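One structure is given here, and the rest of the page talks about it.
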Amino acid sequence: MEEEYIKSLDRALSMIPKRTTSGERFEEPKPEVTVFGTRTVIHNFNELARRLNRSPQHVLKFLSKEMATAGTYDGQRVYFQGKFHEATIGQLIHIYVTRYVICPICKGPDTKIEKSGRFTTLTCEACGAKSPVKPV
């Protein structure tokens, strides 16, 4: 009786599909970058900001400040003055995610940036933590 039970458990276990994802529900977006002469374009900027759950203007302000150049947002894409590699922009987006998206307490992406008075905080909607962040 016990042997049949173990066999049926093994059979059921073998029928469970294997995991194809890492289990993370937040995946850092990758920028699609093209360099035209002395201008750099991020083609999927609108999608990138949407996936980070941040306003495109906030992300643009951060990137412009970090790259020390002017950026122009046209509603879909963003144009920067200067030549920047995809790896550089990807690294800056990773820094942005670490500072302004991921909760430092529970490591979840369910956060929003709130400004009260002169203080800016990263408020986690999952665990309720409030962490101070530098304004952009």
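Letters A, B, ... go to the chains of the structure tokens in the order shown; residues in each chain start at 1; ligands are counted from 1 in the same order.
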Residues of segment 6-94 of chain A in helix (DSSP H, G or I), written as an MDAnalysis selection string: chainID A and resid 6:15 45:52 56:67 86:94
Near-segment 58-67 of chain A list (12 Å; only C-alpha atoms; drop same-chain fewer than 5 positions) as an MDAnalysis selection string: chainID A and resid 40 42 45:53 72:75 77:85 88:97 99:101 112:113 134:136
Export C-alpha atoms of the chosen residues as a compact mmCIF listing (two decimals), in the first residue's frame?
# COMPACT_ATOMS: atom_id res chain seq x y z
CA THR A 40 22.43 58.78 -28.66
CA ILE A 42 17.05 55.17 -26.43
CA PHE A 45 12.43 54.74 -23.29
CA ASN A 46 8.65 55.01 -22.82
CA GLU A 47 8.39 51.23 -22.22
CA LEU A 48 11.41 51.37 -19.91
CA ALA A 49 9.84 54.08 -17.71
CA ARG A 50 6.50 52.22 -17.67
CA ARG A 51 8.14 48.98 -16.51
CA LEU A 52 9.98 50.88 -13.77
CA ASN A 53 6.64 52.45 -12.73
CA THR A 72 15.08 65.44 -25.13
CA TYR A 73 11.97 63.27 -24.69
CA ASP A 74 9.54 63.05 -27.64
CA GLY A 75 6.87 60.83 -26.06
CA ARG A 77 12.17 57.92 -27.43
CA VAL A 78 14.80 60.02 -25.72
CA TYR A 79 17.72 61.76 -27.44
CA PHE A 80 20.96 62.62 -25.67
CA GLN A 81 23.74 64.90 -26.89
CA GLY A 82 26.91 62.82 -27.05
CA LYS A 83 27.94 59.23 -27.73
CA PHE A 84 27.04 56.74 -25.00
CA HIS A 85 27.34 52.96 -25.22
CA THR A 88 26.88 52.56 -19.95
CA ILE A 89 23.18 53.39 -20.17
CA GLY A 90 22.29 49.90 -18.91
CA GLN A 91 24.55 50.43 -15.90
CA LEU A 92 22.93 53.80 -15.17
CA ILE A 93 19.47 52.22 -15.36
CA HIS A 94 20.65 49.57 -12.88
CA ILE A 95 21.80 52.35 -10.51
CA TYR A 96 18.41 54.09 -10.96
CA VAL A 97 16.56 50.86 -10.15
CA ARG A 99 18.18 53.87 -5.76
CA TYR A 100 14.64 54.72 -6.83
CA VAL A 101 12.68 51.50 -7.52
CA LYS A 112 6.54 54.99 -5.16
CA ILE A 113 8.44 58.22 -4.67
CA LYS A 134 18.21 61.92 -2.77
CA PRO A 135 16.03 64.08 -4.98
CA VAL A 136 17.00 63.98 -8.63
Among segment 1-135 of chain A, which ones does DSSP place in strand (DSSP E), written as a short mmCIF file (atom, residue, chain, number, x, y, z; two decimals) with C-alpha atoms, in the first residue's frame?
data_model
loop_
_atom_site.label_atom_id
_atom_site.label_comp_id
_atom_site.auth_asym_id
_atom_site.auth_seq_id
_atom_site.Cartn_x
_atom_site.Cartn_y
_atom_site.Cartn_z
CA VAL A 33 20.33 52.20 -27.81
CA THR A 34 21.49 53.57 -31.15
CA VAL A 35 24.21 56.17 -31.75
CA PHE A 36 23.65 58.56 -34.68
CA ARG A 39 23.49 61.83 -30.63
CA THR A 40 22.43 58.78 -28.66
CA VAL A 41 18.85 57.49 -28.86
CA ILE A 42 17.05 55.17 -26.43
CA GLY A 71 18.25 64.96 -23.07
CA THR A 72 15.08 65.44 -25.13
CA TYR A 73 11.97 63.27 -24.69
CA VAL A 78 14.80 60.02 -25.72
CA TYR A 79 17.72 61.76 -27.44
CA PHE A 80 20.96 62.62 -25.67
CA GLN A 81 23.74 64.90 -26.89
CA THR A 111 7.44 51.41 -4.44
CA LYS A 112 6.54 54.99 -5.16
CA ILE A 113 8.44 58.22 -4.67
CA GLU A 114 6.73 60.70 -2.36
CA LYS A 115 7.76 64.24 -1.61
CA SER A 116 6.62 65.84 1.63
CA PHE A 119 12.06 65.47 2.06
CA THR A 120 11.80 62.81 -0.63
CA THR A 121 11.05 59.23 0.42
CA LEU A 122 10.77 55.88 -1.29
CA THR A 123 7.59 54.33 0.10
CA CYS A 124 7.08 50.59 -0.28
CA LYS A 130 9.76 54.57 4.09
CA SER A 131 13.34 55.23 3.11
CA PRO A 132 14.87 58.64 2.37
#
